[in-house]
file coords-v6.txt (compact mmCIF, C-alpha atoms)
# COMPACT_ATOMS: atom_id res chain seq x y z
CA MET A 18 -23.24 -11.15 10.52
CA GLY A 19 -20.94 -13.94 9.43
CA GLN A 20 -19.27 -15.37 6.37
CA LEU A 21 -21.17 -18.29 4.94
CA ARG A 22 -19.95 -21.83 5.54
CA ILE A 23 -21.57 -24.74 3.77
CA GLU A 24 -21.19 -28.35 4.85
CA VAL A 25 -22.54 -31.29 2.86
CA THR A 26 -22.87 -34.63 4.69
CA GLN A 27 -24.93 -37.79 4.48
CA SER A 28 -27.37 -38.45 7.30
CA GLU A 29 -26.23 -41.24 9.62
CA ALA A 30 -29.81 -42.36 10.24
CA ALA A 31 -30.67 -42.42 6.54
CA PRO A 32 -27.58 -42.37 4.30
CA GLU A 33 -29.70 -41.72 1.20
CA ILE A 34 -30.48 -38.27 2.62
CA THR A 35 -28.02 -35.42 2.18
CA VAL A 36 -27.81 -32.80 4.89
CA LEU A 37 -26.80 -29.37 3.64
CA ARG A 38 -25.79 -27.21 6.54
CA PHE A 39 -25.60 -23.45 6.10
CA GLU A 40 -23.88 -21.35 8.71
CA GLY A 41 -23.63 -17.58 8.53
CA ASP A 42 -25.27 -15.06 6.21
CA LEU A 43 -27.11 -16.26 3.14
CA ASP A 44 -26.58 -12.96 1.35
CA ASN A 45 -26.06 -11.91 -2.24
CA ALA A 46 -22.34 -12.66 -2.04
CA SER A 47 -23.07 -16.29 -1.17
CA ILE A 48 -25.11 -17.11 -4.27
CA ARG A 49 -22.23 -18.73 -6.14
CA ASN A 50 -21.37 -20.99 -3.20
CA ILE A 51 -24.99 -22.08 -2.83
CA GLY A 52 -25.22 -22.91 -6.54
CA SER A 53 -21.97 -24.92 -6.43
CA SER A 54 -23.23 -26.94 -3.46
CA PHE A 55 -26.36 -27.99 -5.29
CA GLN A 56 -24.34 -28.85 -8.38
CA LEU A 57 -22.08 -31.06 -6.26
CA ILE A 58 -25.06 -32.79 -4.67
CA ILE A 59 -26.68 -33.52 -8.02
CA GLU A 60 -23.39 -34.81 -9.45
CA LYS A 61 -23.28 -37.27 -6.55
CA ASN A 62 -26.75 -38.46 -7.56
CA SER A 63 -28.19 -37.40 -4.23
CA THR A 64 -31.76 -36.29 -4.66
CA TYR A 65 -33.32 -35.80 -1.26
CA VAL A 66 -31.74 -32.93 0.64
CA VAL A 67 -32.44 -31.48 4.07
CA ALA A 68 -31.13 -27.94 4.51
CA ASP A 69 -30.11 -27.36 8.11
CA MET A 70 -30.81 -23.66 8.60
CA SER A 71 -30.02 -23.52 12.33
CA GLY A 72 -26.85 -21.51 11.75
CA VAL A 73 -28.31 -19.00 9.29
CA SER A 74 -28.26 -15.46 10.62
CA MET A 75 -29.78 -13.69 7.59
CA LEU A 76 -31.37 -14.64 4.29
CA SER A 77 -31.51 -12.37 1.27
CA SER A 78 -34.15 -12.67 -1.42
CA ALA A 79 -31.47 -13.43 -4.00
CA ALA A 80 -30.06 -16.28 -1.89
CA LEU A 81 -33.55 -17.63 -1.39
CA GLY A 82 -34.01 -17.55 -5.15
CA GLU A 83 -30.80 -19.57 -5.58
CA ILE A 84 -32.02 -22.14 -3.03
CA MET A 85 -35.32 -22.35 -4.90
CA GLY A 86 -33.35 -22.99 -8.07
CA GLY A 87 -31.51 -25.79 -6.27
CA ARG A 88 -34.78 -27.31 -5.20
CA LYS A 89 -36.12 -27.14 -8.74
CA ALA A 90 -33.09 -29.04 -10.02
CA LEU A 91 -33.54 -31.72 -7.33
CA VAL A 92 -37.25 -32.07 -8.09
CA GLU A 93 -36.38 -32.54 -11.77
CA HIS A 94 -34.18 -35.45 -10.65
CA GLY A 95 -37.06 -36.97 -8.67
CA GLY A 96 -36.01 -35.60 -5.31
CA ASP A 97 -36.78 -32.67 -3.06
CA LEU A 98 -35.24 -30.05 -0.81
CA VAL A 99 -36.81 -29.41 2.58
CA LEU A 100 -35.78 -26.84 5.17
CA ALA A 101 -35.22 -27.64 8.84
CA CYS A 102 -34.28 -25.88 12.10
CA LEU A 103 -35.34 -22.39 11.03
CA SER A 104 -35.08 -19.55 13.51
CA LEU A 105 -38.26 -17.56 14.03
CA PRO A 106 -37.08 -14.47 12.05
CA ILE A 107 -36.02 -16.60 9.06
CA LYS A 108 -39.24 -18.61 9.20
CA THR A 109 -41.26 -15.40 9.34
CA LYS A 110 -39.40 -14.01 6.35
CA LEU A 111 -39.99 -17.18 4.34
CA THR A 112 -43.67 -17.04 5.19
CA LEU A 113 -43.95 -13.39 4.20
CA LEU A 114 -42.28 -14.18 0.88
CA GLY A 115 -44.65 -17.10 0.35
CA ALA A 116 -41.77 -19.60 0.29
CA ASN A 117 -43.53 -21.76 2.87
CA ARG A 118 -45.84 -22.82 0.03
CA ILE A 119 -42.86 -24.11 -1.94
CA PHE A 120 -40.66 -25.62 0.74
CA ARG A 121 -41.69 -28.05 3.39
CA LEU A 122 -40.47 -26.72 6.72
CA HIS A 123 -39.48 -29.01 9.60
CA SER A 124 -38.67 -28.16 13.19
CA ASP A 125 -35.56 -30.36 13.23
CA ILE A 126 -33.50 -32.74 11.10
CA ARG A 127 -35.09 -35.80 12.71
CA SER A 128 -38.57 -34.66 11.68
CA ALA A 129 -37.34 -34.03 8.14
CA ILE A 130 -35.85 -37.54 7.96
CA ASN A 131 -39.05 -39.04 9.35
CA ALA A 132 -41.08 -37.12 6.76
CA TYR A 133 -38.86 -38.58 4.03
CA LYS A 134 -39.29 -42.10 5.39
CA TRP A 135 -43.05 -41.56 5.62
CA GLU A 136 -43.27 -40.21 2.06
CA PHE A 137 -40.83 -42.43 0.19
CA GLU A 138 -40.36 -45.58 2.29
CA GLY A 139 -43.91 -46.10 3.52
CA LYS A 140 -42.86 -45.84 7.14
CA SER A 141 -45.72 -46.02 9.60
CA GLU A 142 -46.07 -44.02 12.78
CA VAL A 143 -47.23 -46.04 15.78
CA PHE A 144 -49.23 -44.69 18.72
CA THR A 145 -50.32 -46.71 21.73
CA LEU A 146 -52.94 -45.82 24.30
CA SER A 147 -53.64 -47.76 27.45
CA MET A 148 -56.80 -46.90 29.36
CA PRO A 149 -58.90 -48.36 32.15
CA PRO A 150 -61.83 -50.52 31.04
CA ALA A 151 -64.50 -47.84 31.49
CA LEU A 152 -66.63 -46.27 28.78
CA ARG A 153 -65.83 -42.71 29.84
CA PHE A 154 -62.28 -43.11 28.52
CA VAL A 155 -63.45 -43.88 24.99
CA PRO A 156 -64.42 -40.41 23.68
CA SER A 157 -60.96 -38.93 24.25
CA ALA A 158 -59.34 -42.03 22.72
CA ARG A 159 -61.47 -41.88 19.57
CA GLN A 160 -60.84 -38.14 19.19
CA PHE A 161 -57.13 -38.77 19.57
CA ALA A 162 -57.32 -41.22 16.65
CA SER A 163 -59.31 -38.74 14.57
CA ARG A 164 -56.86 -35.90 15.23
CA LEU A 165 -53.89 -38.05 14.27
CA ALA A 166 -55.57 -39.13 11.05
CA GLY A 167 -56.26 -35.48 10.16
CA LEU A 168 -52.70 -34.55 11.03
CA LYS A 169 -51.32 -37.24 8.74
CA GLY A 170 -53.26 -36.02 5.73
CA TYR A 171 -56.40 -38.13 5.89
CA SER A 172 -59.61 -36.41 4.82
CA ARG A 173 -62.20 -35.32 7.38
CA ARG A 174 -64.46 -38.08 6.17
CA ASP A 175 -61.73 -40.70 6.63
CA ALA A 176 -60.83 -39.26 10.03
CA PHE A 177 -64.46 -39.46 11.13
CA ARG A 178 -64.76 -43.05 9.96
CA ILE A 179 -61.55 -43.96 11.78
CA GLU A 180 -62.99 -42.28 14.87
CA THR A 181 -66.16 -44.34 14.55
CA ILE A 182 -64.23 -47.59 14.15
CA VAL A 183 -62.11 -46.84 17.22
CA ASP A 184 -65.22 -45.92 19.18
CA GLU A 185 -67.07 -49.12 18.33
CA ILE A 186 -64.13 -51.45 18.93
CA CYS A 187 -63.18 -49.81 22.22
CA ASN A 188 -66.78 -49.83 23.44
CA ASN A 189 -67.01 -53.51 22.57
CA ALA A 190 -63.71 -54.23 24.29
CA ILE A 191 -64.95 -52.63 27.49
CA GLU A 192 -68.45 -54.10 27.38
CA HIS A 193 -67.14 -57.60 26.65
CA ALA A 194 -64.43 -57.59 29.32
CA PRO A 195 -65.07 -59.67 32.44
CA ALA A 196 -67.02 -57.73 35.04
CA ASP A 197 -64.15 -57.92 37.54
CA SER A 198 -61.45 -56.99 35.03
CA LYS A 199 -59.03 -54.30 36.12
CA ARG A 200 -56.79 -54.74 33.13
CA ASN A 201 -56.36 -51.71 30.90
CA VAL A 202 -57.56 -51.79 27.31
CA ALA A 203 -54.71 -51.29 24.83
CA LEU A 204 -55.35 -49.35 21.62
CA THR A 205 -52.63 -49.24 18.97
CA LEU A 206 -52.84 -47.06 15.87
CA SER A 207 -50.35 -47.65 13.11
CA ILE A 208 -50.66 -44.94 10.45
CA ASP A 209 -48.93 -44.78 7.12
CA ARG A 210 -49.63 -42.91 3.88
CA ARG A 211 -52.16 -45.43 2.65
CA LYS A 212 -53.86 -46.96 5.66
CA VAL A 213 -54.52 -46.95 9.36
CA GLU A 214 -54.27 -50.20 11.31
CA ILE A 215 -56.29 -50.26 14.50
CA ASN A 216 -55.62 -52.88 17.17
CA VAL A 217 -57.53 -53.16 20.40
CA ILE A 218 -56.62 -55.75 23.03
CA ASN A 219 -58.70 -56.41 26.11
CA ALA A 220 -59.20 -59.11 28.72
CA SER A 221 -61.68 -61.71 27.50
CA ASP A 222 -64.86 -62.79 29.23
CA PRO A 223 -65.08 -66.54 28.40
CA VAL A 224 -68.90 -66.50 28.03
CA LYS A 225 -69.04 -63.41 25.82
CA LEU A 226 -66.01 -64.66 23.92
CA GLU A 227 -67.91 -67.77 22.91
CA THR A 228 -70.80 -65.63 21.63
CA LEU A 229 -68.37 -63.56 19.62
CA ARG A 230 -66.72 -66.67 18.17
CA ARG A 231 -70.09 -68.03 17.10
CA MET A 232 -71.05 -64.69 15.62
CA LEU A 233 -67.85 -64.55 13.60
CA SER A 234 -68.13 -68.14 12.41
CA GLY A 235 -71.69 -67.52 11.28
CA ALA A 236 -73.01 -70.16 13.69
CA LYS A 237 -74.83 -67.68 15.86
CA GLU A 238 -78.59 -67.73 15.58
CA PRO A 239 -80.35 -64.80 13.90
CA PRO A 240 -80.26 -61.68 16.05
CA GLN A 241 -82.86 -61.32 18.75
CA PRO A 242 -83.82 -57.98 20.27
CA THR A 243 -81.39 -58.27 23.17
CA ILE A 244 -78.39 -56.34 24.34
CA GLU A 245 -76.21 -58.60 22.22
CA ASP A 246 -77.85 -57.28 19.09
CA ARG A 247 -76.63 -53.81 19.89
CA ARG A 248 -73.10 -55.21 20.14
CA GLY A 249 -73.53 -57.14 16.96
CA ARG A 250 -74.56 -53.97 15.16
CA GLY A 251 -71.41 -52.24 16.36
CA LEU A 252 -69.23 -54.92 14.85
CA ALA A 253 -71.29 -54.86 11.66
CA LEU A 254 -70.72 -51.11 11.46
CA VAL A 255 -66.98 -51.62 11.84
CA LYS A 256 -67.11 -54.18 9.04
CA LEU A 257 -68.90 -51.67 6.82
CA LEU A 258 -66.54 -48.79 7.54
CA SER A 259 -63.27 -50.68 7.47
CA ASN A 260 -61.43 -52.52 4.72
CA GLY A 261 -60.55 -55.48 6.87
CA LEU A 262 -61.55 -56.85 10.24
CA ASP A 263 -60.21 -59.82 12.12
CA ILE A 264 -60.29 -61.00 15.66
CA ASP A 265 -58.01 -63.42 17.40
CA PHE A 266 -58.10 -64.89 20.83
CA SER A 267 -55.17 -65.83 22.99
CA GLU A 268 -54.25 -66.07 26.64
CA GLN A 269 -53.31 -62.40 26.45
CA GLY A 270 -56.90 -61.52 25.63
CA THR A 271 -58.99 -60.70 22.62
CA ARG A 272 -57.39 -58.69 19.85
CA VAL A 273 -59.60 -56.90 17.34
CA HIS A 274 -57.76 -55.64 14.30
CA ALA A 275 -59.31 -53.32 11.72
CA THR A 276 -57.73 -51.76 8.64
CA LYS A 277 -58.95 -48.55 7.08
CA LEU A 278 -57.51 -47.57 3.72
CA LYS A 279 -57.07 -43.93 2.82
CA GLU A 280 -59.64 -42.80 0.29
CA GLU A 281 -57.99 -40.74 -2.43
CA MET B 5 -66.22 -52.68 35.06
CA ALA B 6 -64.17 -53.06 38.19
CA ILE B 7 -61.83 -50.12 37.91
CA ASP B 8 -60.88 -48.27 41.04
CA THR B 9 -62.38 -44.84 40.43
CA ALA B 10 -59.92 -43.14 42.76
CA ASN B 11 -56.73 -44.83 41.56
CA TYR B 12 -56.17 -45.59 37.93
CA GLN B 13 -53.73 -44.86 35.19
CA PHE B 14 -53.69 -44.25 31.48
CA CYS B 15 -50.79 -44.04 29.14
CA VAL B 16 -49.90 -42.80 25.68
CA LYS B 17 -46.84 -43.70 23.61
CA PHE B 18 -46.05 -41.61 20.56
CA PRO B 19 -43.21 -41.04 18.09
CA GLY B 20 -40.76 -38.39 19.26
CA SER B 21 -41.98 -35.58 17.06
CA LEU B 22 -43.32 -32.16 18.06
CA GLU B 23 -46.26 -32.40 15.65
CA TYR B 24 -48.02 -34.99 17.84
CA ILE B 25 -47.89 -33.07 21.11
CA PRO B 26 -51.13 -31.06 20.63
CA ALA B 27 -53.04 -34.32 20.08
CA VAL B 28 -51.42 -35.90 23.15
CA ARG B 29 -52.13 -32.97 25.46
CA LYS B 30 -55.74 -32.79 24.20
CA PHE B 31 -56.14 -36.51 24.87
CA VAL B 32 -54.96 -36.02 28.45
CA SER B 33 -57.15 -32.99 29.10
CA GLU B 34 -60.26 -34.57 27.57
CA THR B 35 -59.67 -37.70 29.63
CA LEU B 36 -59.35 -35.67 32.82
CA LEU B 37 -62.50 -33.70 32.03
CA ALA B 38 -64.37 -36.95 31.41
CA ASN B 39 -63.25 -38.03 34.86
CA ASN B 40 -64.78 -35.05 36.64
CA PHE B 41 -61.65 -32.98 37.03
CA ASP B 42 -62.15 -29.26 37.36
CA PRO B 43 -61.58 -27.32 34.07
CA LYS B 44 -58.90 -25.15 35.71
CA PHE B 45 -57.04 -28.16 37.08
CA THR B 46 -57.41 -29.85 33.71
CA TYR B 47 -56.06 -26.88 31.78
CA ARG B 48 -53.07 -26.57 34.09
CA SER B 49 -52.43 -30.27 33.67
CA GLU B 50 -52.59 -29.78 29.92
CA ILE B 51 -49.91 -27.09 30.16
CA ILE B 52 -47.72 -29.41 32.25
CA VAL B 53 -48.15 -32.20 29.71
CA ASP B 54 -47.34 -29.85 26.84
CA GLU B 55 -44.15 -28.64 28.50
CA ILE B 56 -42.81 -32.02 29.57
CA CYS B 57 -43.64 -33.54 26.17
CA ASN B 58 -41.88 -30.67 24.39
CA ASN B 59 -38.82 -31.16 26.58
CA ALA B 60 -38.84 -34.92 26.02
CA VAL B 61 -39.07 -34.55 22.25
CA SER B 62 -36.71 -31.60 21.90
CA PHE B 63 -33.97 -32.82 24.23
CA GLY B 64 -34.60 -36.51 24.88
CA CYS B 65 -35.12 -37.88 21.39
CA VAL B 66 -31.99 -38.36 19.36
CA SER B 67 -32.63 -41.37 17.14
CA VAL B 68 -35.01 -41.21 14.18
CA ASP B 69 -37.26 -43.86 15.73
CA ALA B 70 -37.36 -42.31 19.19
CA VAL B 71 -40.56 -42.90 21.15
CA VAL B 72 -41.92 -40.95 24.11
CA GLU B 73 -44.10 -42.58 26.77
CA LEU B 74 -46.38 -40.52 28.98
CA GLN B 75 -48.11 -42.16 31.95
CA CYS B 76 -50.81 -40.41 33.95
CA MET B 77 -51.45 -41.92 37.35
CA VAL B 78 -54.52 -40.65 39.12
CA HIS B 79 -54.74 -41.03 42.90
CA GLY B 80 -57.28 -39.79 45.39
CA ASP B 81 -55.14 -36.83 46.40
CA ARG B 82 -52.88 -36.23 43.41
CA ILE B 83 -52.11 -36.86 39.80
CA GLU B 84 -48.68 -37.96 38.64
CA PHE B 85 -47.30 -37.50 35.16
CA GLU B 86 -44.34 -39.65 34.26
CA ILE B 87 -42.63 -39.11 30.95
CA LYS B 88 -39.93 -41.35 29.55
CA ASP B 89 -37.67 -40.70 26.61
CA GLU B 90 -34.54 -42.31 25.25
CA GLY B 91 -32.29 -39.70 26.83
CA GLY B 92 -30.57 -36.83 25.17
CA LYS B 93 -27.02 -35.70 24.65
CA PRO B 94 -24.82 -35.36 27.78
CA ASP B 95 -25.15 -31.56 27.72
CA ASP B 96 -28.94 -31.76 27.61
CA LEU B 97 -29.01 -34.26 30.48
CA LYS B 98 -26.74 -32.00 32.52
CA ARG B 99 -29.02 -29.03 31.86
CA LEU B 100 -32.08 -31.07 32.79
CA THR B 101 -30.45 -32.23 36.04
CA GLU B 102 -29.57 -28.66 36.95
CA ALA B 103 -33.02 -27.37 36.04
CA VAL B 104 -34.80 -30.03 38.14
CA LYS B 105 -32.51 -29.67 41.15
CA LYS B 106 -32.71 -25.90 41.11
CA ARG B 107 -34.69 -24.39 44.02
CA PRO B 108 -38.01 -22.83 43.09
CA ARG B 109 -37.62 -19.22 42.10
CA LYS B 110 -39.31 -16.68 44.30
CA GLY B 111 -38.14 -13.53 42.55
CA SER B 112 -39.94 -11.30 40.13
CA PRO B 113 -40.83 -12.54 36.68
CA ARG B 114 -37.68 -10.83 35.46
CA ASP B 115 -35.69 -13.38 37.45
CA MET B 116 -37.23 -16.27 35.61
CA GLY B 117 -34.92 -18.60 33.74
CA LYS B 118 -33.74 -18.10 30.24
CA LYS B 119 -36.13 -18.91 27.44
CA ASP B 120 -34.68 -22.40 26.96
CA SER B 121 -35.36 -23.38 30.58
CA LEU B 122 -38.72 -21.65 30.85
CA GLY B 123 -40.63 -24.90 30.28
CA LEU B 124 -39.53 -26.48 33.53
CA GLU B 125 -40.10 -23.20 35.38
CA ILE B 126 -43.70 -23.26 34.19
CA VAL B 127 -44.07 -26.90 35.22
CA ARG B 128 -42.60 -26.09 38.62
CA MET B 129 -45.08 -23.22 39.09
CA LEU B 130 -48.06 -25.39 38.19
CA SER B 131 -47.09 -28.56 40.06
CA ASP B 132 -46.00 -29.64 43.51
CA GLN B 133 -43.00 -31.84 42.83
CA ILE B 134 -40.64 -32.63 39.98
CA THR B 135 -38.16 -35.48 40.08
CA PHE B 136 -35.89 -36.88 37.45
CA GLU B 137 -33.86 -40.02 36.97
CA THR B 138 -31.66 -41.53 34.31
CA ALA B 139 -31.21 -45.26 33.89
CA ALA B 140 -27.98 -46.95 32.82
CA ASN B 141 -29.20 -47.14 29.22
CA ASN B 142 -29.74 -43.37 29.27
CA LEU B 143 -33.52 -43.78 29.49
CA THR B 144 -34.71 -40.61 31.16
CA THR B 145 -37.80 -40.33 33.34
CA VAL B 146 -39.29 -37.08 34.58
CA ARG B 147 -42.05 -37.34 37.15
CA VAL B 148 -44.34 -34.44 37.99
CA VAL B 149 -46.78 -34.56 40.90
CA LYS B 150 -49.77 -32.22 41.08
CA LEU B 151 -51.97 -32.26 44.17
CA ARG B 152 -55.66 -32.43 43.43
CA GLU B 153 -56.90 -30.24 46.26
CA GLU B 154 -54.65 -27.36 45.31
CA ASP B 155 -56.97 -25.97 42.66
CA GLY B 156 -60.13 -26.94 44.52
CA GLU B 157 -61.42 -29.28 41.85
CA ALA B 158 -64.59 -31.26 42.32
CA GLU B 159 -64.29 -34.27 44.55
CA GLY B 160 -65.40 -37.70 43.47
CA ASP B 161 -64.79 -39.68 40.38
CA GLU B 162 -68.16 -40.99 39.42
CA ALA B 163 -68.31 -42.01 35.84
CA ALA B 164 -68.97 -39.10 33.57
CA ALA B 165 -70.89 -39.32 30.36
CA ALA B 166 -70.02 -42.45 28.49
CA GLY B 167 -69.15 -42.54 24.84
call {"tool": "encode", "arguments": {"input": "coords-v6.txt", "output": "structure tokens"}}
result
Amino acid sequence: MGQLRIEVTQSEAAPEITVLRFEGDLDNASIRNIGSSFQLIIEKNSTYVVADMSGVSMLSSAALGEIMGGRKALVEHGGDLVLACLSLPIKTKLTLLGANRIFRLHSDIRSAINAYKWEFEGKSEVFTLSMPPALRFVPSARQFASRLAGLKGYSRRDAFRIETIVDEICNNAIEHAPADSKRNVALTLSIDRRKVEINVINASDPVKLETLRRMLSGAKEPPQPTIEDRRGRGLALVKLLSNGLDIDFSEQGTRVHATKLKEE
Amino acid sequence: MAIDTANYQFCVKFPGSLEYIPAVRKFVSETLLANNFDPKFTYRSEIIVDEICNNAVSFGCVSVDAVVELQCMVHGDRIEFEIKDEGGKPDDLKRLTEAVKKRPRKGSPRDMGKKDSLGLEIVRMLSDQITFETAANNLTTVRVVKLREEDGEAEGDEAAAAG
């Protein structure tokens, strides 16, 4: 049990975000203080607020109602209120009351700030994998990409297409690498709200590289039933599934870059 | 391809957020399974990865753009997990140092550490060595070594089913 203290500060990492820290009991006696805090925030024209709940020892239904009222006012001003750092009992209570369907809950302040940047500033999240040039490493890499896409709100269909693109590009990267290559294949996924950028860099085999160049420039002869056709089909599939595909060659190796837009 | 099937490494870099850890640990376990590791060894490795990633994100990521890097180095006799983060607050670093340097507990489960240090206790139980170092720029590296023969996993690293 403890008397409520409320602290309103601006986030250092993102000054446009207000951090509202509650410490003590959010009980019926605290309703007026909660209301005043939201009024102050709105008067300052702050709209996006993260409530730091790490110091909250109890939460009454009436106080929760007041916080919901605060959120409603912020939403009306084009902002939002999210809750962060909830203890397990408080989180359980919010879930039982169905408040988890109204508030977005974050494990910590950093995650809440990142969610804001993702939502409102188009920030992308970047993941990099490095794996040996062997085909057996590809399935786990493509499933990793698919899981991340699902996690970031992409549909199952999108996630599966992203998985297919990653699979084809990584397979190509491994098959086209020089036979004596020990260099790892690098896969980078850059995910934002609207698209996923896929980059795969591998060591280049000069002979196969020339074939690929000719294929891309349109100078390659019509496909013959050889192993190269199978590779060509993979790239054609990537072209079909993605919204952009380009390849560049440098001393660092071959970089294949595909973009997949989120389908609404 | 010319990879050494007994000695190789793979790596994953991800933003310092707890939400990505399940995907990272699944990536590691699926990769180990694809490389003929025993399911029991793989699952224990997955637990180790989960714990060290949780520690790195929870205590070693301070800035909004913090990134965690996990390297898995596979050798004939062991696997090494090396996790790097940007380094936490002085108190967290002190706690980590104490937790790593602490002698393995041999008491009953009741003697186990407090809830907040349970992660490293679990890692210690499932692995053979934990070391820790901090660079001048606060970059923190935790290295966990797990011997391969301990759990009696299948020998050999012939290529498993390809994608």
call {"tool": "closest_residue", "arguments": {"input": "coords-v6.txt", "among": "B:Asp69, B:Glu102, B:Asp89, B:Glu55", "to": "chain A", "atoms": "only C-alpha atoms"}}
result
B:Asp69
call {"tool": "closest_residue", "arguments": {"input": "coords-v6.txt", "among": "B:His79, B:Lys150, B:Lys17, B:Lys44", "to": "Val127 of chain B", "atoms": "only C-alpha atoms"}}
result
B:Lys150
call {"tool": "interface_residues", "arguments": {"input": "coords-v6.txt", "of": "chain A", "to": "chain B", "cutoff": "9 Å", "atoms": "only C-alpha atoms", "output": "number ranges by chain"}}
result
A: 30-31, 124-125, 127-128, 130-131, 142-158, 160-162, 164-165, 168, 184, 188, 191-192, 194-201
call {"tool": "atom_distance", "arguments": {"input": "coords-v6.txt", "atom1": "atom CA of Leu206 of chain A", "atom2": "atom CA of Gly64 of chain B"}}
result
22.9 Å
call {"tool": "residues_around", "arguments": {"input": "coords-v6.txt", "residues": "segment 42-56 of chain A", "least_positions_apart": "4", "cutoff": "7 Å", "atoms": "all atoms listed in the file", "output": "count of residues only"}}
result
14
call {"tool": "closest_residue", "arguments": {"input": "coords-v6.txt", "among": "A:Gln269, A:Thr109, A:Ser104, A:Ser63", "to": "Ala220 of chain A", "atoms": "only C-alpha atoms"}}
result
A:Gln269
call {"tool": "residues_around", "arguments": {"input": "coords-v6.txt", "residues": "Tyr65 of chain A", "least_positions_apart": "2", "cutoff": "8 Å", "atoms": "only C-alpha atoms", "output": "list of chain:residue names"}}
result
A:Glu33, A:Ile34, A:Thr35, A:Ser63, A:Val67, A:Leu91, A:Gly96, A:Asp97, A:Leu98
call {"tool": "closest_residue", "arguments": {"input": "coords-v6.txt", "among": "A:Lys279, A:Arg121, A:Lys134, A:His274", "to": "Thr205 of chain A", "atoms": "all atoms listed in the file"}}
result
A:His274
call {"tool": "atom_distance", "arguments": {"input": "coords-v6.txt", "atom1": "atom CA of Phe120 of chain A", "atom2": "atom CA of Ile58 of chain A"}}
result
18.0 Å
call {"tool": "atom_distance", "arguments": {"input": "coords-v6.txt", "atom1": "atom CA of Pro32 of chain A", "atom2": "atom CA of Ala166 of chain A"}}
result
29.0 Å
call {"tool": "closest_residue", "arguments": {"input": "coords-v6.txt", "among": "A:Val99, A:Val25, A:Ala203, A:Ile182", "to": "Leu57 of chain A", "atoms": "all atoms listed in the file"}}
result
A:Val25
call {"tool": "closest_residue", "arguments": {"input": "coords-v6.txt", "among": "B:Val149, B:Val53, B:Phe63, B:Leu143", "to": "Asp95 of chain B", "atoms": "all atoms listed in the file"}}
result
B:Phe63
call {"tool": "residues_around", "arguments": {"input": "coords-v6.txt", "residues": "Val217 of chain A", "least_positions_apart": "3", "cutoff": "6 Å", "atoms": "only C-alpha atoms", "output": "CSV table (one decimal) with C-alpha atoms, keeping the file's coordinate frame"}}
result
chain,number,residue,atom,x,y,z
A,203,ALA,CA,-54.7,-51.3,24.8
A,204,LEU,CA,-55.4,-49.4,21.6
A,272,ARG,CA,-57.4,-58.7,19.8
A,273,VAL,CA,-59.6,-56.9,17.3
call {"tool": "build_atoms", "arguments": {"input": "coords-v6.txt", "residues": "segment 192-203 of chain A", "atoms": "N, CA and C atoms", "output": "PDB file, in the frame of the given file"}}
result
ATOM      1  N   GLU A 192     -67.198 -53.405  27.027  1.00  0.00           N
ATOM      2  CA  GLU A 192     -68.450 -54.100  27.380  1.00  0.00           C
ATOM      3  C   GLU A 192     -68.258 -55.611  27.477  1.00  0.00           C
ATOM      4  N   HIS A 193     -67.338 -56.146  26.679  1.00  0.00           N
ATOM      5  CA  HIS A 193     -67.140 -57.600  26.650  1.00  0.00           C
ATOM      6  C   HIS A 193     -66.094 -58.083  27.664  1.00  0.00           C
ATOM      7  N   ALA A 194     -65.441 -57.157  28.338  1.00  0.00           N
ATOM      8  CA  ALA A 194     -64.430 -57.590  29.320  1.00  0.00           C
ATOM      9  C   ALA A 194     -65.130 -58.207  30.532  1.00  0.00           C
ATOM     10  N   PRO A 195     -64.458 -59.095  31.240  1.00  0.00           N
ATOM     11  CA  PRO A 195     -65.070 -59.670  32.440  1.00  0.00           C
ATOM     12  C   PRO A 195     -65.432 -58.565  33.435  1.00  0.00           C
ATOM     13  N   ALA A 196     -66.518 -58.778  34.147  1.00  0.00           N
ATOM     14  CA  ALA A 196     -67.020 -57.730  35.040  1.00  0.00           C
ATOM     15  C   ALA A 196     -65.991 -57.320  36.094  1.00  0.00           C
ATOM     16  N   ASP A 197     -65.121 -58.251  36.488  1.00  0.00           N
ATOM     17  CA  ASP A 197     -64.150 -57.920  37.540  1.00  0.00           C
ATOM     18  C   ASP A 197     -62.780 -57.535  36.964  1.00  0.00           C
ATOM     19  N   SER A 198     -62.743 -57.278  35.662  1.00  0.00           N
ATOM     20  CA  SER A 198     -61.450 -56.990  35.030  1.00  0.00           C
ATOM     21  C   SER A 198     -60.933 -55.607  35.437  1.00  0.00           C
ATOM     22  N   LYS A 199     -59.663 -55.577  35.814  1.00  0.00           N
ATOM     23  CA  LYS A 199     -59.030 -54.300  36.120  1.00  0.00           C
ATOM     24  C   LYS A 199     -57.967 -53.984  35.066  1.00  0.00           C
ATOM     25  N   ARG A 200     -57.855 -54.900  34.114  1.00  0.00           N
ATOM     26  CA  ARG A 200     -56.790 -54.740  33.130  1.00  0.00           C
ATOM     27  C   ARG A 200     -57.129 -53.623  32.141  1.00  0.00           C
ATOM     28  N   ASN A 201     -56.138 -52.788  31.860  1.00  0.00           N
ATOM     29  CA  ASN A 201     -56.360 -51.710  30.900  1.00  0.00           C
ATOM     30  C   ASN A 201     -56.610 -52.240  29.494  1.00  0.00           C
ATOM     31  N   VAL A 202     -57.356 -51.478  28.730  1.00  0.00           N
ATOM     32  CA  VAL A 202     -57.560 -51.790  27.310  1.00  0.00           C
ATOM     33  C   VAL A 202     -56.418 -51.117  26.542  1.00  0.00           C
ATOM     34  N   ALA A 203     -55.820 -51.848  25.621  1.00  0.00           N
ATOM     35  CA  ALA A 203     -54.710 -51.290  24.830  1.00  0.00           C
ATOM     36  C   ALA A 203     -55.183 -50.996  23.414  1.00  0.00           C
TER      37      ALA A 203
END
